[in-house]
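Okay, so here's the structure we're looking at.
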Amino acid sequence: MTDALLVLEDGRTFAGEAYGATGRTGGEIVFNTGMTGYQETLTDPSYHRQIVVMTAPHIGNTGVNDEDPESGRIWVSGYVVRDPARRASSWRADRTLDEELAAQGVVGISGIDTRALTRHLRERGVMRAVILSGDALLDEQGRPLPTEQVVAQVQALPAMSGADLAGEVSTDTAYVVPALGPDGAPLAEPVARVAAVDLGIKAMTPHRMAERGIEVHVLPAQSTIDDVLATAPDGVFFSNGPGDPGAATHEVELLREVLDRRIPFFGICYGNQILGRALGYGTYKLGYGHRGVNQPVLDRATGRVEITAHNHGFAVDAPLDEVSVAPHDGGRYGRVTVSHVDLNDDVVEGLAALDLPAFSVQYHPEAAAGPHDAAYLFDRFLDLMREPSAGAAAAGQATDVTDSPKGA
């Protein structure tokens, strides 16, 4: 086995064994509490520039296949596990996870106390880190690198706050995901057409829309309103993605162009944060974020609690307890309500405009690895496109919320 070392920016270190490729990698270190779906996690573009710690102790049991990736490559900058599987045990496996990580040059570490590491990150907050293995552990004279030198390297890494990363993971060219009928065959005439702006989109997202008869035109992050309108959309969708929403100037301006034209809009994750900013609310960085497939979220319109999949380190700062007037430009977008709330920490998990055909959620209703409690949101989007004038009702919002607007 090859030695490996994980070094955090506050100086704490964990010694283990190399997993995947050997070498050096760095980024913001975060933890994921999912017990399944590691292949979907690795290929989620929202993890760009992040080292992911898996809190589930056994990873790699089912290997890797060519059907489950959410994108064309692994996006995590590093991977941390406790007990990697010795062999893959699934009829669907094409190779082992270790082999896949090595083939794609992803530096990982195994054999460390991920419970202690996760507790540390929960108490101190996510931070930057590096993983070193093999020759990367040595200086030019072949001696072990001093810990203080490695810590200095970690502290020199760029922070996630202020990072505008959607353009680094988005598609370079537009493409179409055709609408599907009940039998899974392409439909000759879609029930609706959506322009989906790729800020780090996962493959299952347009597929979930296609399953409902929607033709999806996936567009690059830097698309203009003319590019969007050229698809003749019945609705516009903004995807998940990496980085700080506070740095997403282009995306916010593009969405305002969409809202001004009253085109039905649906956003998830990063798309939710962009809607929040377009409406004039702020965003902020969470201490350690939500990453996993077990987050309880309350749909305030129905009172239903959904178990949902998350991957976000930023959140929208909007009033929880009352309808507010969207602060942007003197309230030109009208009233807004927080539609969904995380029951663990009261973080805003959804927004609904009451005077515009627009809504969003912070979590992932496509959830390829599950759970599927929130899949109805794609039906809600289709309803909104069919009847955009219905506004809040089409978006499934409660009509008895106390109307006490305020600016933010």
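By order of appearance in the structure tokens: chains A, B, ..., then residues from 1 within every chain, and ligands from 1 in the order shown.
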Write out as a tab-separated table the residues of stretch 137-214 of chain A that have any atom within 12 Å of an atom of stretch 21-31 of chain A, one row each with the nearest atom pair and its distance in Å to one decimal, counting only C-alpha atoms, sorted by chain and then rising number.
```
residue	atom	partner	partner_atom	distance
A:Leu137	CA	A:Gly23	CA	8.2
A:Leu138	CA	A:Gly23	CA	10.6
A:Val150	CA	A:Arg24	CA	10.8
A:Val151	CA	A:Gly26	CA	11.2
A:Gln153	CA	A:Gly26	CA	9.1
A:Val154	CA	A:Gly26	CA	7.2
A:Gln155	CA	A:Gly27	CA	10.2
A:Ala156	CA	A:Gly26	CA	10.2
A:Leu157	CA	A:Gly27	CA	7.0
A:Pro158	CA	A:Gly27	CA	7.8
A:Ala159	CA	A:Glu28	CA	7.3
A:Met160	CA	A:Glu28	CA	6.9
A:Ser161	CA	A:Glu28	CA	10.3
A:Ala163	CA	A:Glu28	CA	11.5
```
Residues of stretch 305-402 of chain A at most 12 Å from stretch 114-133 of chain A: nearest atom pair and distance in Å, only C-alpha atoms, as JSON lines:
```
{"residue": "A:His312", "atom": "CA", "partner": "A:Val126", "partner_atom": "CA", "distance": 11.9}
{"residue": "A:Gly313", "atom": "CA", "partner": "A:Val126", "partner_atom": "CA", "distance": 9.0}
{"residue": "A:Phe314", "atom": "CA", "partner": "A:Val126", "partner_atom": "CA", "distance": 11.8}
```
(request) Report the residues of stretch 39-286 of chain A whose backbone DSSP state falls under strand (DSSP E or B), written as a PyMOL selection string. (result) chain A and resi 48+50-54+58-59+64+76+78-80+83-84+95+107-110+127-133+138+144+175-177+180+186+192-197+214-219+235-238+265-268+282-286
Would you save the residues from that selection as an mmCIF file, in the first residue's frame, using C-alpha atoms?
```cif
data_model
loop_
_atom_site.group_PDB
_atom_site.id
_atom_site.type_symbol
_atom_site.label_atom_id
_atom_site.label_comp_id
_atom_site.auth_asym_id
_atom_site.auth_seq_id
_atom_site.Cartn_x
_atom_site.Cartn_y
_atom_site.Cartn_z
ATOM 1 C CA HIS A 48 -16.040 20.805 -8.895
ATOM 2 C CA GLN A 50 -14.110 20.002 -3.752
ATOM 3 C CA ILE A 51 -12.634 17.057 -1.861
ATOM 4 C CA VAL A 52 -15.518 14.817 -0.815
ATOM 5 C CA VAL A 53 -15.510 12.813 2.428
ATOM 6 C CA MET A 54 -17.955 9.898 2.520
ATOM 7 C CA HIS A 58 -17.867 1.098 3.195
ATOM 8 C CA ILE A 59 -17.539 2.567 -0.294
ATOM 9 C CA VAL A 64 -18.619 1.432 -11.292
ATOM 10 C CA VAL A 76 -14.516 15.874 -7.374
ATOM 11 C CA GLY A 78 -10.268 14.436 -4.222
ATOM 12 C CA TYR A 79 -11.976 11.535 -2.469
ATOM 13 C CA VAL A 80 -11.828 10.381 1.172
ATOM 14 C CA ASP A 83 -12.957 1.232 4.218
ATOM 15 C CA PRO A 84 -12.891 0.791 0.445
ATOM 16 C CA ARG A 95 -14.762 -2.128 -13.059
ATOM 17 C CA VAL A 107 -6.318 11.435 -5.927
ATOM 18 C CA GLY A 108 -7.909 9.845 -2.878
ATOM 19 C CA ILE A 109 -7.111 8.595 0.605
ATOM 20 C CA SER A 110 -8.521 5.647 2.547
ATOM 21 C CA MET A 127 -12.230 24.427 4.885
ATOM 22 C CA ARG A 128 -9.500 23.909 2.318
ATOM 23 C CA ALA A 129 -7.372 20.789 2.309
ATOM 24 C CA VAL A 130 -4.874 18.782 0.276
ATOM 25 C CA ILE A 131 -4.314 15.061 -0.195
ATOM 26 C CA LEU A 132 -0.738 13.911 -0.805
ATOM 27 C CA SER A 133 0.441 10.425 -1.696
ATOM 28 C CA LEU A 138 8.520 14.196 -0.475
ATOM 29 C CA PRO A 144 9.150 14.091 3.898
ATOM 30 C CA TYR A 175 -27.866 19.987 -27.382
ATOM 31 C CA VAL A 176 -31.390 18.569 -27.275
ATOM 32 C CA VAL A 177 -32.815 15.820 -25.088
ATOM 33 C CA LEU A 180 -40.280 10.588 -24.529
ATOM 34 C CA PRO A 186 -39.230 9.662 -28.709
ATOM 35 C CA ALA A 192 -43.745 21.378 -23.937
ATOM 36 C CA ARG A 193 -40.310 22.759 -24.764
ATOM 37 C CA VAL A 194 -37.833 23.883 -22.095
ATOM 38 C CA ALA A 195 -34.631 25.899 -22.382
ATOM 39 C CA ALA A 196 -32.385 24.461 -19.663
ATOM 40 C CA VAL A 197 -29.368 26.615 -18.793
ATOM 41 C CA ILE A 214 -40.905 17.685 -22.484
ATOM 42 C CA GLU A 215 -38.285 18.466 -25.121
ATOM 43 C CA VAL A 216 -35.238 19.920 -23.363
ATOM 44 C CA HIS A 217 -32.791 22.279 -25.075
ATOM 45 C CA VAL A 218 -29.677 22.326 -22.878
ATOM 46 C CA LEU A 219 -27.782 25.609 -23.281
ATOM 47 C CA GLY A 235 -40.439 27.345 -19.858
ATOM 48 C CA VAL A 236 -36.894 28.042 -18.701
ATOM 49 C CA PHE A 237 -34.919 25.923 -16.256
ATOM 50 C CA PHE A 238 -31.700 26.757 -14.353
ATOM 51 C CA PHE A 265 -39.305 29.348 -14.629
ATOM 52 C CA PHE A 266 -38.082 26.463 -12.488
ATOM 53 C CA GLY A 267 -34.681 26.279 -10.811
ATOM 54 C CA ILE A 268 -32.964 23.711 -8.609
ATOM 55 C CA GLY A 282 -28.917 37.837 -0.561
ATOM 56 C CA THR A 283 -27.069 34.538 -0.307
ATOM 57 C CA TYR A 284 -24.636 33.303 2.324
ATOM 58 C CA LYS A 285 -22.245 30.433 2.947
ATOM 59 C CA LEU A 286 -23.370 27.657 5.263
#
```
Write out as a PDB file with N, CA and C atoms, in the first residue's frame the residues lying within 8 Å of A:Ser89, counting only C-alpha atoms and excluding same-chain residues fewer than 3 positions away.
```pdb
ATOM      1  N   ASN A  61     -18.588  -0.916  -2.929  1.00  0.00           N
ATOM      2  CA  ASN A  61     -19.111  -2.286  -2.927  1.00  0.00           C
ATOM      3  C   ASN A  61     -19.674  -2.708  -4.278  1.00  0.00           C
ATOM      4  N   THR A  62     -20.357  -1.797  -4.955  1.00  0.00           N
ATOM      5  CA  THR A  62     -21.017  -2.153  -6.217  1.00  0.00           C
ATOM      6  C   THR A  62     -20.220  -1.738  -7.440  1.00  0.00           C
ATOM      7  N   GLY A  63     -18.995  -1.287  -7.239  1.00  0.00           N
ATOM      8  CA  GLY A  63     -18.139  -0.941  -8.364  1.00  0.00           C
ATOM      9  C   GLY A  63     -18.629   0.269  -9.130  1.00  0.00           C
ATOM     10  N   ALA A  93     -21.569  -4.020 -12.507  1.00  0.00           N
ATOM     11  CA  ALA A  93     -20.250  -3.387 -12.417  1.00  0.00           C
ATOM     12  C   ALA A  93     -19.394  -3.710 -13.644  1.00  0.00           C
TER      13      ALA A  93
END
```
(request) Name the residues in contact with stretch 368-376 of chain A at a cut-off of 6 Å, using only C-alpha atoms, excluding same-chain residues fewer than 2 positions from it; report them as a list of chain:residue names. (result) A:Gly37, A:Glu306, A:Pro365, A:Glu366, A:Phe378, A:Asp379
